[in-house]
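> Please find one structure pasted underneath; my questions will follow.
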Amino acid sequence: MAEPIAQRGRKRRLDAERSRAAVLDAAIAVLGQQADASIEDIAAAAGVVRQTVYAHFPSRTALLGAVVDHLTAETASALDALDLTTPPPGEALRRWLEASWAIVQRYPVLLSPVIAVAAPPADEHDRHRPVSTQLSELVRRGCQAGVFEARHSEAWIISATIALGHAAGQQVTAGRLSPEEAGAAYRDSVLRLVLRQSIRDDG
């Protein structure tokens, strides 16, 4: 008995989705190790041919854009899963910083220059939105509780936190610090910057 047309169509869609996911996962893994990896390298890692990659992503730019979108969604999902309202603001910030760096360690491609190229400057704000929105709420709570430095504006704290994350990543990329060392430096630097002097002394 012939397979129903609708069933064949669903199977083809599922196969296509699995193939696309395999290419995307391979791109994230390969580009995290080799920024100038070719489409052929990515196809080989995904276990497909070059033409299959282009069937899902018509250009390298499209593939890199999909990588950025995927990692942005993964970052938002991981940070949204954190409980940042129950613990005191200082502890909540520590959790946020450690979770943020854990994402970088999980996806080394986030430190790759290909990400900066893939996301135009005009899209930088949108790319950081999942991070900055949650961080903004946390910073506001810490300032209202008198735990964070009130002399620093909310916008400045957020910008400085993101900038320190980039600086930590650059140190890893340059081979000056291990991911663990950079993560600790990132966490401790932000906490020293944000927490009030009396809170730091007590801690």
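Residues in the structure tokens are numbered from 1 in each chain, the chains being A, B, ... in the order shown, and ligands are numbered from 1 in the order shown.
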Applying 8 Å and only C-alpha atoms, which residues near A:Pro89 remain after dropping the ones on its own chain fewer than 2 positions away? List them as a PyMOL selection string.

chain A and resi 84-85+87+91-93+138-139+141-142+145+147

> Store the residues picked out above in a file with all heavy atoms, as a compact mmCIF listing (two decimals), in the first residue's frame.


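Result went into part-v7.txt, see below:
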# COMPACT_ATOMS: atom_id res chain seq x y z
N LEU A 84 15.56 35.16 39.79
CA LEU A 84 16.28 36.37 40.17
C LEU A 84 15.46 37.26 41.11
O LEU A 84 15.91 38.35 41.48
CB LEU A 84 16.66 37.17 38.92
CG LEU A 84 17.57 36.45 37.92
CD1 LEU A 84 17.83 37.35 36.72
CD2 LEU A 84 18.89 36.04 38.58
N THR A 85 14.27 36.80 41.49
CA THR A 85 13.41 37.61 42.35
C THR A 85 13.43 37.14 43.80
O THR A 85 13.21 37.94 44.71
CB THR A 85 11.97 37.58 41.83
OG1 THR A 85 11.51 36.23 41.77
CG2 THR A 85 11.87 38.20 40.44
N PRO A 87 16.17 35.53 45.64
CA PRO A 87 17.37 35.87 46.41
C PRO A 87 17.57 37.38 46.51
O PRO A 87 17.01 38.14 45.73
CB PRO A 87 18.50 35.21 45.61
CG PRO A 87 17.99 35.17 44.21
CD PRO A 87 16.51 34.95 44.32
N GLU A 91 23.03 38.57 45.44
CA GLU A 91 23.14 37.15 45.09
C GLU A 91 22.51 36.90 43.73
O GLU A 91 23.01 36.10 42.94
CB GLU A 91 22.47 36.29 46.15
CG GLU A 91 22.41 34.81 45.84
CD GLU A 91 23.78 34.18 45.63
OE1 GLU A 91 24.77 34.68 46.19
OE2 GLU A 91 23.86 33.18 44.89
N ALA A 92 21.41 37.58 43.45
CA ALA A 92 20.75 37.42 42.15
C ALA A 92 21.68 37.87 41.03
O ALA A 92 21.76 37.23 39.98
CB ALA A 92 19.46 38.23 42.12
N LEU A 93 22.39 38.97 41.25
CA LEU A 93 23.33 39.46 40.24
C LEU A 93 24.45 38.46 40.05
O LEU A 93 24.89 38.19 38.91
CB LEU A 93 23.90 40.81 40.64
CG LEU A 93 24.93 41.43 39.69
CD1 LEU A 93 24.34 41.61 38.30
CD2 LEU A 93 25.44 42.76 40.24
N LEU A 138 16.79 43.72 37.31
CA LEU A 138 17.59 43.34 38.46
C LEU A 138 18.33 44.55 39.04
O LEU A 138 18.36 44.75 40.27
CB LEU A 138 18.59 42.25 38.05
CG LEU A 138 19.61 41.79 39.10
CD1 LEU A 138 18.89 41.33 40.37
CD2 LEU A 138 20.46 40.67 38.54
N VAL A 139 18.90 45.37 38.18
CA VAL A 139 19.62 46.56 38.63
C VAL A 139 18.66 47.52 39.34
O VAL A 139 18.99 48.09 40.39
CB VAL A 139 20.31 47.25 37.45
CG1 VAL A 139 20.82 48.63 37.86
CG2 VAL A 139 21.46 46.40 36.94
N ARG A 141 15.95 46.81 40.96
CA ARG A 141 15.61 46.25 42.28
C ARG A 141 16.76 46.45 43.25
O ARG A 141 16.55 46.79 44.42
CB ARG A 141 15.27 44.76 42.14
CG ARG A 141 14.83 44.12 43.46
CD ARG A 141 14.17 42.77 43.22
NE ARG A 141 15.09 41.72 42.84
CZ ARG A 141 15.67 40.90 43.72
NH1 ARG A 141 15.43 41.02 45.02
NH2 ARG A 141 16.49 39.95 43.30
N GLY A 142 18.00 46.24 42.79
CA GLY A 142 19.14 46.42 43.66
C GLY A 142 19.33 47.85 44.12
O GLY A 142 19.68 48.11 45.28
N ALA A 145 16.68 48.73 46.69
CA ALA A 145 16.95 48.10 47.98
C ALA A 145 18.16 48.69 48.67
O ALA A 145 18.47 48.32 49.81
CB ALA A 145 17.15 46.59 47.78
N VAL A 147 21.24 48.26 47.75
CA VAL A 147 22.34 47.31 47.68
C VAL A 147 23.33 47.70 46.59
O VAL A 147 24.54 47.50 46.74
CB VAL A 147 21.81 45.88 47.43
CG1 VAL A 147 22.95 44.89 47.25
CG2 VAL A 147 20.90 45.44 48.58

> Counting only C-alpha atoms, which residues of stretch 103-177 of chain A fall within 9 Å of stretch 13-37 of chain A, and what is the closest atom pair for each with its distance in Å at one decimal, ordered by chain and rising number, as CSV?


residue,atom,partner,partner_atom,distance
A:Tyr107,CA,A:Gly32,CA,7.0
A:Pro108,CA,A:Gly32,CA,4.8
A:Val109,CA,A:Gly32,CA,3.6
A:Leu110,CA,A:Gly32,CA,7.4
A:Leu111,CA,A:Gly32,CA,7.6
A:Ser112,CA,A:Ala35,CA,6.1
A:Pro113,CA,A:Ala35,CA,6.9
A:Val114,CA,A:Ala35,CA,6.1

> Can you measure atom CA of A:Leu177 to atom CA of A:Arg106 for me? One decimal in Å is fine.

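We find that atom CA of A:Leu177 and atom CA of A:Arg106 lie 16.6 Å from each other.
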
> So what do you get for atom CA of A:Ile39 versus atom CA of A:Pro179, distance-wise?

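Rounded to one decimal, the two atoms are 27.3 Å apart.
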
> How far is it from atom CA of A:Leu97 to atom CA of A:Tyr186, in Å with one decimal?

7.8 Å

> Tell me, which residues of stretch 5-194 of chain A carry DSSP alpha helix (DSSP H), written as a ChimeraX atom specification?

/A:5-33,39-46,50-56,60-80,89-106,113-118,124-144,154-173,179-194
